[in-house]
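Have a look at target_11.csv; it's CSV, C-alpha atoms:
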chain,number,residue,atom,x,y,z
A,1,VAL,CA,89.4,97.1,87.3
A,2,VAL,CA,91.1,98.1,90.5
A,3,ASP,CA,92.9,101.2,91.6
A,4,VAL,CA,96.3,100.5,93.2
A,5,ASP,CA,97.1,102.9,96.1
A,6,GLU,CA,95.0,102.3,99.1
A,7,THR,CA,92.9,99.8,97.1
A,8,VAL,CA,95.2,96.9,96.6
A,9,LEU,CA,98.5,98.3,98.0
A,10,SER,CA,98.8,100.1,101.3
A,11,ASN,CA,101.1,103.1,101.6
A,12,ALA,CA,100.6,103.3,105.3
A,13,ALA,CA,104.3,102.9,106.1
A,14,TYR,CA,105.2,105.7,103.6
A,15,GLU,CA,102.6,108.0,105.2
A,16,ALA,CA,103.9,107.1,108.6
A,17,ARG,CA,107.4,108.0,107.4
A,18,LEU,CA,106.1,111.4,106.4
A,19,LEU,CA,104.6,111.9,109.8
A,20,VAL,CA,107.7,110.7,111.6
A,21,ASN,CA,109.9,113.1,109.6
A,22,ASN,CA,107.5,116.0,109.6
A,23,LEU,CA,107.3,115.8,105.8
A,24,SER,CA,104.4,115.9,103.3
A,25,TYR,CA,103.5,114.2,100.1
A,26,PRO,CA,105.1,113.8,97.5
A,27,MET,CA,108.4,113.9,99.4
A,28,GLY,CA,110.0,110.5,99.1
A,29,PHE,CA,107.1,108.9,97.2
A,30,GLU,CA,109.3,108.0,94.2
A,31,GLU,CA,111.8,106.3,96.6
A,32,TRP,CA,108.9,104.5,98.3
A,33,ILE,CA,107.5,103.2,95.0
A,34,LYS,CA,110.9,102.1,93.8
A,35,ALA,CA,111.5,100.2,97.1
A,36,ALA,CA,108.4,98.0,96.1
A,37,VAL,CA,107.7,97.2,99.7
A,38,ALA,CA,104.0,98.3,100.0
A,39,THR,CA,101.9,95.7,101.7
A,40,PRO,CA,98.5,94.4,100.4
A,41,ILE,CA,95.3,95.9,101.6
A,42,PRO,CA,93.6,93.2,103.8
A,43,GLY,CA,91.5,90.9,101.5
A,44,ALA,CA,92.7,92.4,98.2
A,45,LEU,CA,95.1,89.6,97.4
A,46,GLU,CA,92.6,86.9,98.2
A,47,PHE,CA,89.8,88.6,96.3
A,48,LEU,CA,91.8,89.2,93.2
A,49,ASN,CA,93.2,85.7,93.2
A,50,TYR,CA,89.7,84.3,93.6
A,51,ALA,CA,88.5,86.5,90.7
A,52,ASN,CA,91.5,85.2,88.6
A,53,SER,CA,90.6,81.6,89.5
A,54,MET,CA,87.1,82.3,88.0
A,55,ASP,CA,88.7,83.4,84.7
A,56,VAL,CA,88.3,87.1,85.5
A,57,LYS,CA,91.1,89.2,84.0
A,58,VAL,CA,92.3,91.8,86.6
A,59,PHE,CA,93.4,95.3,85.5
A,60,TYR,CA,95.3,97.7,87.7
A,61,VAL,CA,94.5,101.3,86.7
A,62,THR,CA,96.7,103.7,88.7
A,63,ASN,CA,97.7,107.3,88.6
A,64,ARG,CA,101.3,106.3,89.4
A,65,LYS,CA,103.6,107.6,86.6
A,66,VAL,CA,104.7,105.5,83.6
A,67,SER,CA,108.3,105.7,85.1
A,68,GLN,CA,106.9,103.9,88.2
A,69,GLN,CA,105.2,101.0,86.3
A,70,GLU,CA,108.1,98.5,86.6
A,71,ALA,CA,108.4,99.0,90.4
A,72,THR,CA,104.7,98.8,90.8
A,73,LYS,CA,104.6,95.6,88.8
A,74,GLU,CA,107.5,94.2,90.9
A,75,ASN,CA,105.6,95.1,94.2
A,76,LEU,CA,102.4,93.5,92.9
A,77,LYS,CA,104.2,90.3,91.7
A,78,ARG,CA,106.2,89.9,94.9
A,79,LEU,CA,103.0,89.9,96.9
A,80,GLY,CA,101.3,87.3,94.5
A,81,PHE,CA,98.8,89.5,92.8
A,82,PRO,CA,97.4,87.9,89.6
A,83,ASP,CA,97.6,89.2,86.0
A,84,VAL,CA,100.5,91.6,86.6
A,85,SER,CA,101.9,92.6,83.2
A,86,ASP,CA,102.4,95.6,80.9
A,87,GLU,CA,98.9,94.9,79.5
A,88,THR,CA,97.2,94.9,82.9
A,89,VAL,CA,99.1,97.6,84.9
A,90,LEU,CA,98.0,100.8,83.4
A,91,THR,CA,99.8,103.9,84.6
A,92,ARG,CA,99.1,107.6,84.0
A,93,LYS,CA,100.4,109.0,80.8
A,94,ASP,CA,98.8,112.2,79.6
A,95,THR,CA,96.0,112.7,82.0
A,96,SER,CA,95.1,111.8,85.5
A,97,SER,CA,91.6,110.8,84.2
A,98,LYS,CA,91.3,107.0,84.3
A,99,GLU,CA,88.6,107.0,81.7
A,100,PRO,CA,91.0,106.7,78.6
A,101,ARG,CA,92.5,103.6,80.3
A,102,ARG,CA,89.1,102.1,81.0
A,103,LYS,CA,88.1,102.8,77.4
A,104,ALA,CA,91.2,101.0,76.2
A,105,ILE,CA,90.2,98.0,78.4
A,106,ARG,CA,86.7,98.1,77.0
A,107,LYS,CA,88.0,97.6,73.5
A,108,THR,CA,88.7,94.0,74.3
A,109,TYR,CA,87.0,93.2,77.6
A,110,GLU,CA,83.8,94.0,79.5
A,111,ILE,CA,84.4,95.7,82.8
A,112,ILE,CA,82.2,93.9,85.3
A,113,LEU,CA,83.5,95.6,88.5
A,114,SER,CA,85.4,98.7,89.4
A,115,ILE,CA,87.0,99.0,92.8
A,116,GLY,CA,88.8,102.0,94.3
A,117,ASP,CA,89.1,104.3,97.3
A,118,ASN,CA,87.9,107.3,95.4
A,119,LEU,CA,84.9,107.9,93.2
A,120,ILE,CA,87.1,108.9,90.3
A,121,ASP,CA,88.5,105.3,90.3
A,122,LEU,CA,85.0,104.1,89.3
A,123,ALA,CA,83.6,106.2,86.4
A,124,LYS,CA,84.1,109.4,84.4
A,125,GLU,CA,80.8,110.7,85.8
A,126,PHE,CA,82.5,111.4,89.1
A,127,GLU,CA,85.5,113.3,87.7
A,128,MET,CA,86.2,116.9,88.4
A,129,LYS,CA,82.8,117.8,89.9
A,130,GLU,CA,81.9,120.1,92.7
A,131,SER,CA,80.9,118.2,95.8
A,132,ASP,CA,77.1,118.8,95.3
A,133,LEU,CA,77.3,117.7,91.7
A,134,ARG,CA,79.4,114.6,92.6
A,135,MET,CA,76.8,113.7,95.3
A,136,ALA,CA,74.1,114.1,92.7
A,137,GLU,CA,76.0,111.6,90.5
A,138,VAL,CA,76.3,109.2,93.4
A,139,GLU,CA,72.6,109.4,94.0
A,140,LYS,CA,71.9,108.9,90.3
A,141,SER,CA,74.2,105.8,90.2
A,142,LYS,CA,73.3,104.4,93.6
A,143,LYS,CA,72.1,101.1,92.2
A,144,ARG,CA,75.5,100.5,90.7
A,145,PHE,CA,77.2,100.6,94.1
A,146,GLY,CA,77.8,97.1,95.5
A,147,THR,CA,77.3,95.5,92.0
A,148,GLU,CA,79.4,97.4,89.5
A,149,PHE,CA,81.2,99.8,91.9
A,150,ILE,CA,82.9,99.1,95.1
A,151,VAL,CA,84.3,102.0,97.1
A,152,LEU,CA,86.8,101.1,99.9
A,153,PRO,CA,87.6,103.2,102.9
A,154,ASN,CA,90.9,104.9,102.7
A,155,ALA,CA,92.8,104.1,105.9
A,156,ILE,CA,95.5,106.7,105.2
A,157,TYR,CA,93.5,109.8,106.0
A,158,GLY,CA,90.2,110.7,107.5
A,159,GLU,CA,88.2,109.1,110.3
A,160,TRP,CA,90.9,106.5,111.0
A,161,GLU,CA,92.6,109.0,113.3
A,162,SER,CA,89.9,108.4,115.8
A,163,VAL,CA,91.5,105.1,116.7
A,164,VAL,CA,94.3,107.1,118.4
A,165,GLY,CA,91.7,108.8,120.7
A,166,ASP,CA,89.7,112.0,120.5
A,167,ILE,CA,92.4,114.1,118.9
A,168,SER,CA,90.0,116.9,117.9
A,169,LYS,CA,90.8,118.9,121.1
A,170,LEU,CA,94.6,118.4,120.9
A,171,THR,CA,97.1,121.0,119.9
A,172,PRO,CA,98.9,120.3,116.6
A,173,ALA,CA,102.0,119.1,118.5
A,174,GLU,CA,99.8,116.8,120.6
A,175,LYS,CA,98.0,115.4,117.5
A,176,ARG,CA,101.4,114.7,115.8
A,177,ALA,CA,102.6,112.9,119.0
A,178,ALA,CA,99.4,110.8,119.1
A,179,ARG,CA,99.7,109.9,115.4
A,180,LEU,CA,103.4,109.0,115.8
A,181,LYS,CA,102.7,106.7,118.6
A,182,ALA,CA,100.0,104.9,116.6
A,183,LEU,CA,102.0,104.3,113.3
A,184,ILE,CA,104.7,102.0,112.1
A,185,PRO,CA,106.9,103.9,109.6
A,186,PHE,CA,108.7,102.7,106.5
A,187,VAL,CA,112.5,102.8,107.2
A,188,ASN,CA,115.0,102.5,104.4

Would it be possible to restate this file's structure as structure tokens?
Amino acid sequence: VVDVDETVLSNAAYEARLLVNNLSYPMGFEEWIKAAVATPIPGALEFLNYANSMDVKVFYVTNRKVSQQEATKENLKRLGFPDVSDETVLTRKDTSSKEPRRKAIRKTYEIILSIGDNLIDLAKEFEMKESDLRMAEVEKSKKRFGTEFIVLPNAIYGEWESVVGDISKLTPAEKRAARLKALIPFVN
């Protein structure tokens, strides 16, 4: 079971577009998804095709909306991701919790690995917890990381900004200029 955004598909160009136009999420996200031009996270395509070649069924569990499922499938298929179908691309319906979708998968399949860029992509134990409670759950589950759970770094926000230099001492305008210089935006 894999998450989609920042786990198998990169939204870096969308995020760059926001920065270039001084906008914020969710502005233009629907347009971005419908364009179906997200690129693969490095290694994701190769890993999932390898898993598929070993008779592992891949499920894409995303909090993208049901109305975005077709465009998401189109994007995944265009890039060559395996097992892309209505059965395997599970979008958000009633709740952002991914547990009901994982439960539905477990009715027919055994989940052997969960991969995501956020703890909530992995298991219900990490959902809606205060930071200290979430960290306690991580500690309790630490033997599952690297075997049942894989957490990927999210290149969209966080420490990645250090690659543009030490921006901690810059003014907001200078930070924006440094970010703009480092990014390649989605242009439609």

Checklist line | Answer as number ranges by chain, residues within 10 Å of (110.4, 102.0, 109.0) using all atoms listed in the file | finding: A: 13-14, 16-17, 20, 183-188

Checklist line | atom CA of Gly43 of chain A to atom CA of Pro100 of chain A, distance in Å rounded to a single decimal | finding: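 These two atoms are separated by 27.8 Å.
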
Residue contacts of Thr147 of chain A (10 Å, only C-alpha atoms) excluding same-chain residues fewer than 3 positions away, as a short mmCIF file (atom, residue, chain, number, x, y, z; two decimals) with C-alpha atoms, in the frame of the given file:
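The resulting out_24.cif:
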data_model
loop_
_atom_site.label_atom_id
_atom_site.label_comp_id
_atom_site.auth_asym_id
_atom_site.auth_seq_id
_atom_site.Cartn_x
_atom_site.Cartn_y
_atom_site.Cartn_z
CA ILE A 112 82.20 93.90 85.30
CA LEU A 113 83.50 95.60 88.50
CA SER A 114 85.40 98.70 89.40
CA LYS A 142 73.30 104.40 93.60
CA LYS A 143 72.10 101.10 92.20
CA ARG A 144 75.50 100.50 90.70
CA ILE A 150 82.90 99.10 95.10
#

Notebook entry, point to check: In Å, with one decimal, what is the gap from atom CA of Met135 of chain A to atom CA of Asn118 of chain A?
Noted result: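 Between atom CA of Met135 of chain A and atom CA of Asn118 of chain A the gap works out to 12.8 Å.
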
Margin query: Restricting the calculation to all atoms listed in the file: of A:Val56, A:Met27, A:Ala173, A:Val37, which residue gets closest to Ala12 of chain A?
Written below: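 Under the stated criterion, the closest residue is A:Val37.
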
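Compared by their closest atoms to Arg101 of chain A, and using all atoms listed in the file, the residues A:Asp132, A:Glu74, A:Asp3, A:Ser10 rank with A:Asp3 nearest.
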
Notebook entry, point to check: With distances taken over only C-alpha atoms, which of A:Lys129, A:Lys124, A:Arg92, A:Arg64 is nearest to Ile33 of chain A?
Noted result: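 Residue with the minimum atom-to-atom distance to Ile33 of chain A: A:Arg64.
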
Next item on the list: Could you please determine the separation between atom CA of Ala44 of chain A and atom CA of Lys65 of chain A in Å, to one decimal place?
Entry: 22.0 Å

Note to self: Show me, as a PyMOL selection string, the residues that have an atom within 7 Å of segment 94-99 of chain A when counting all atoms listed in the file, minus same-chain residues fewer than 6 positions from it.
What the structure shows: chain A and resi 61+63+121+123-124

Can I get the selected residues back with C-alpha atoms, as a PDB file, keeping the file's coordinate frame?
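Saved file selection.pdb follows:
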ATOM      1  CA  VAL A  61      94.500 101.300  86.700  1.00  0.00           C
ATOM      2  CA  ASN A  63      97.700 107.300  88.600  1.00  0.00           C
ATOM      3  CA  ASP A 121      88.500 105.300  90.300  1.00  0.00           C
ATOM      4  CA  ALA A 123      83.600 106.200  86.400  1.00  0.00           C
ATOM      5  CA  LYS A 124      84.100 109.400  84.400  1.00  0.00           C
TER       6      LYS A 124
END
